[in-house]
Structures are given as C-alpha cells and as structure tokens.
Amino acid sequence: QVQLVESGGGSVQAGESLKLSCVASGRIGFIGVFSWYRQAAGNQREVVASIARDGTITYSDSVKGRFTISEDNAKNTVSLEMNSLKPEDTAVYYCKARDYTNNQYWGQGTQVTVSS
C-alpha cells in the first residue's frame, strides 16, 4: 500500500503562484509514476502533470509553461509549482501514484481557488 498526503492548496488572485506538495509513504519503492490530477466542479478529473521514475515528465497543454512538477526522493515528496494561475485552474488537485503492477493510489485532494 501507498499513502499520499497533499498540502499547499489555497485561494489566490489570478497571476499569483502556489506550490502543492504530495508526501508519499508505504511501498514507495514500487511506484513507477507520480501524477497530479485536478477536478473542477461539474467536470471529470483530468491529468495535469506526470513524472516517471526514469525522469520523463509530461504536462497537459493547459498548464504547459506555467506548472512545474518535481520529485524530491530524499523527502519522498512530489511537488507541483503553479505560476501565472488563472481562474480556470480552480479545482481540487489530487496526487496519484501508480506502481509497476498498475495499482493506483490517490491522495485526499487539496482545493485551489483562483479569483479574477
């Protein structure tokens, strides 16, 4: 099992920044990919950014150039730095881990609200 705890959400004005953190514990040695997802009210959950153990990083087109995903192995933490935030970035943000047998683990989510 893997446990994920997100933090760092909040309310900001458009153009400001936030940094989300996801602390992982448990069988983290079996994790192949960490991802950040978000779900806005009334919408489906969508992937925002992913980082694989081999260093491969991907971003959704909507956040490319504004968001940065990173991993600190010493702290078992995956972060999402979000710059130039827009009202459409408002959502609950979730951390997800996928292990090498394709089991998926989710955090509880953290709310990000961006006002214009």
# chains A, B, ... in the order shown; residues from 1 in each chain; ligands from 1

$ closest_atom_pairs --of "region 43-68 of chain A" --to "region 93-102 of chain A" --cutoff "12 Å" --atoms "only C-alpha atoms" --output "CSV"
residue,atom,partner,partner_atom,distance
A:Arg45,CA,A:Tyr94,CA,9.0
A:Glu46,CA,A:Tyr93,CA,9.5
A:Val47,CA,A:Tyr94,CA,9.2
A:Val48,CA,A:Tyr93,CA,9.0
A:Ala49,CA,A:Cys95,CA,9.9
A:Ser50,CA,A:Lys96,CA,9.1
A:Ile51,CA,A:Ala97,CA,9.9
A:Ala52,CA,A:Arg98,CA,9.6
A:Arg53,CA,A:Asp99,CA,10.4

$ closest_atom_pairs --of "region 53-88 of chain A" --to "region 25-39 of chain A" --cutoff "9 Å" --atoms "only C-alpha atoms" --output "Markdown table"
| residue | atom | partner | partner_atom | distance |
| --- | --- | --- | --- | --- |
| A:Arg53 | CA | A:Gly32 | CA | 5.5 |
| A:Asp54 | CA | A:Gly32 | CA | 8.3 |
| A:Ile69 | CA | A:Trp36 | CA | 8.3 |
| A:Glu71 | CA | A:Phe34 | CA | 8.7 |
| A:Asn76 | CA | A:Ser25 | CA | 7.2 |
| A:Val78 | CA | A:Phe34 | CA | 7.3 |
| A:Ser79 | CA | A:Trp36 | CA | 8.8 |
| A:Leu80 | CA | A:Trp36 | CA | 7.5 |

$ select_by_dssp --residues "region 4-116 of chain A" --states "strand (DSSP E or B)" --output "VMD selection string"
chain A and resid 4 to 7 10 to 13 18 to 26 31 to 39 46 to 52 57 to 59 67 to 72 77 to 82 91 to 99 104 to 106 110 to 115

$ residues_around --residues "Ser116 (chain A)" --least-positions-apart "2" --cutoff "12 Å" --atoms "only C-alpha atoms" --output "JSON, numbers by chain"
{"A": [11, 12, 13, 14, 15, 16, 84, 85, 86, 87, 88, 89, 90, 113, 114]}

$ write_last_selection --atoms "N, CA and C atoms" --output "PDB file, in the first residue's frame"
ATOM      1  N   SER A  11      -6.399  29.899  -1.685  1.00  0.00           N
ATOM      2  CA  SER A  11      -7.083  30.864  -2.537  1.00  0.00           C
ATOM      3  C   SER A  11      -6.124  31.975  -2.906  1.00  0.00           C
ATOM      4  N   VAL A  12      -6.021  32.236  -4.200  1.00  0.00           N
ATOM      5  CA  VAL A  12      -5.118  33.272  -4.693  1.00  0.00           C
ATOM      6  C   VAL A  12      -5.812  34.080  -5.767  1.00  0.00           C
ATOM      7  N   GLN A  13      -5.173  35.196  -6.145  1.00  0.00           N
ATOM      8  CA  GLN A  13      -5.642  36.014  -7.251  1.00  0.00           C
ATOM      9  C   GLN A  13      -5.020  35.505  -8.546  1.00  0.00           C
ATOM     10  N   ALA A  14      -5.678  35.803  -9.634  1.00  0.00           N
ATOM     11  CA  ALA A  14      -5.132  35.441 -10.945  1.00  0.00           C
ATOM     12  C   ALA A  14      -3.742  36.057 -11.115  1.00  0.00           C
ATOM     13  N   GLY A  15      -2.843  35.265 -11.677  1.00  0.00           N
ATOM     14  CA  GLY A  15      -1.475  35.718 -11.871  1.00  0.00           C
ATOM     15  C   GLY A  15      -0.523  35.328 -10.755  1.00  0.00           C
ATOM     16  N   GLU A  16      -1.071  34.922  -9.618  1.00  0.00           N
ATOM     17  CA  GLU A  16      -0.220  34.537  -8.490  1.00  0.00           C
ATOM     18  C   GLU A  16       0.199  33.072  -8.603  1.00  0.00           C
ATOM     19  N   SER A  84       1.482  31.871 -12.650  1.00  0.00           N
ATOM     20  CA  SER A  84       0.544  32.546 -13.549  1.00  0.00           C
ATOM     21  C   SER A  84      -0.829  31.874 -13.510  1.00  0.00           C
ATOM     22  N   LEU A  85      -1.329  31.674 -12.323  1.00  0.00           N
ATOM     23  CA  LEU A  85      -2.590  30.960 -12.165  1.00  0.00           C
ATOM     24  C   LEU A  85      -3.749  31.732 -12.775  1.00  0.00           C
ATOM     25  N   LYS A  86      -4.689  30.969 -13.307  1.00  0.00           N
ATOM     26  CA  LYS A  86      -5.869  31.527 -13.951  1.00  0.00           C
ATOM     27  C   LYS A  86      -7.126  31.027 -13.239  1.00  0.00           C
ATOM     28  N   PRO A  87      -8.220  31.744 -13.356  1.00  0.00           N
ATOM     29  CA  PRO A  87      -9.463  31.263 -12.726  1.00  0.00           C
ATOM     30  C   PRO A  87      -9.837  29.851 -13.171  1.00  0.00           C
ATOM     31  N   GLU A  88      -9.509  29.503 -14.394  1.00  0.00           N
ATOM     32  CA  GLU A  88      -9.846  28.162 -14.880  1.00  0.00           C
ATOM     33  C   GLU A  88      -8.977  27.072 -14.275  1.00  0.00           C
ATOM     34  N   ASP A  89      -7.972  27.447 -13.499  1.00  0.00           N
ATOM     35  CA  ASP A  89      -7.178  26.457 -12.773  1.00  0.00           C
ATOM     36  C   ASP A  89      -7.858  26.052 -11.459  1.00  0.00           C
ATOM     37  N   THR A  90      -8.947  26.716 -11.126  1.00  0.00           N
ATOM     38  CA  THR A  90      -9.674  26.394  -9.904  1.00  0.00           C
ATOM     39  C   THR A  90     -10.182  24.958  -9.945  1.00  0.00           C
ATOM     40  N   THR A 113      -8.224  27.630  -5.426  1.00  0.00           N
ATOM     41  CA  THR A 113      -9.216  28.577  -5.921  1.00  0.00           C
ATOM     42  C   THR A 113      -8.492  29.814  -6.426  1.00  0.00           C
ATOM     43  N   VAL A 114      -8.749  30.174  -7.674  1.00  0.00           N
ATOM     44  CA  VAL A 114      -8.120  31.335  -8.287  1.00  0.00           C
ATOM     45  C   VAL A 114      -9.214  32.323  -8.674  1.00  0.00           C
TER      46      VAL A 114
END

$ closest_residue --among "A:Gln108, A:Gln3, A:Asn103, A:Thr56" --to "Ser70 (chain A)" --atoms "only C-alpha atoms"
A:Thr56
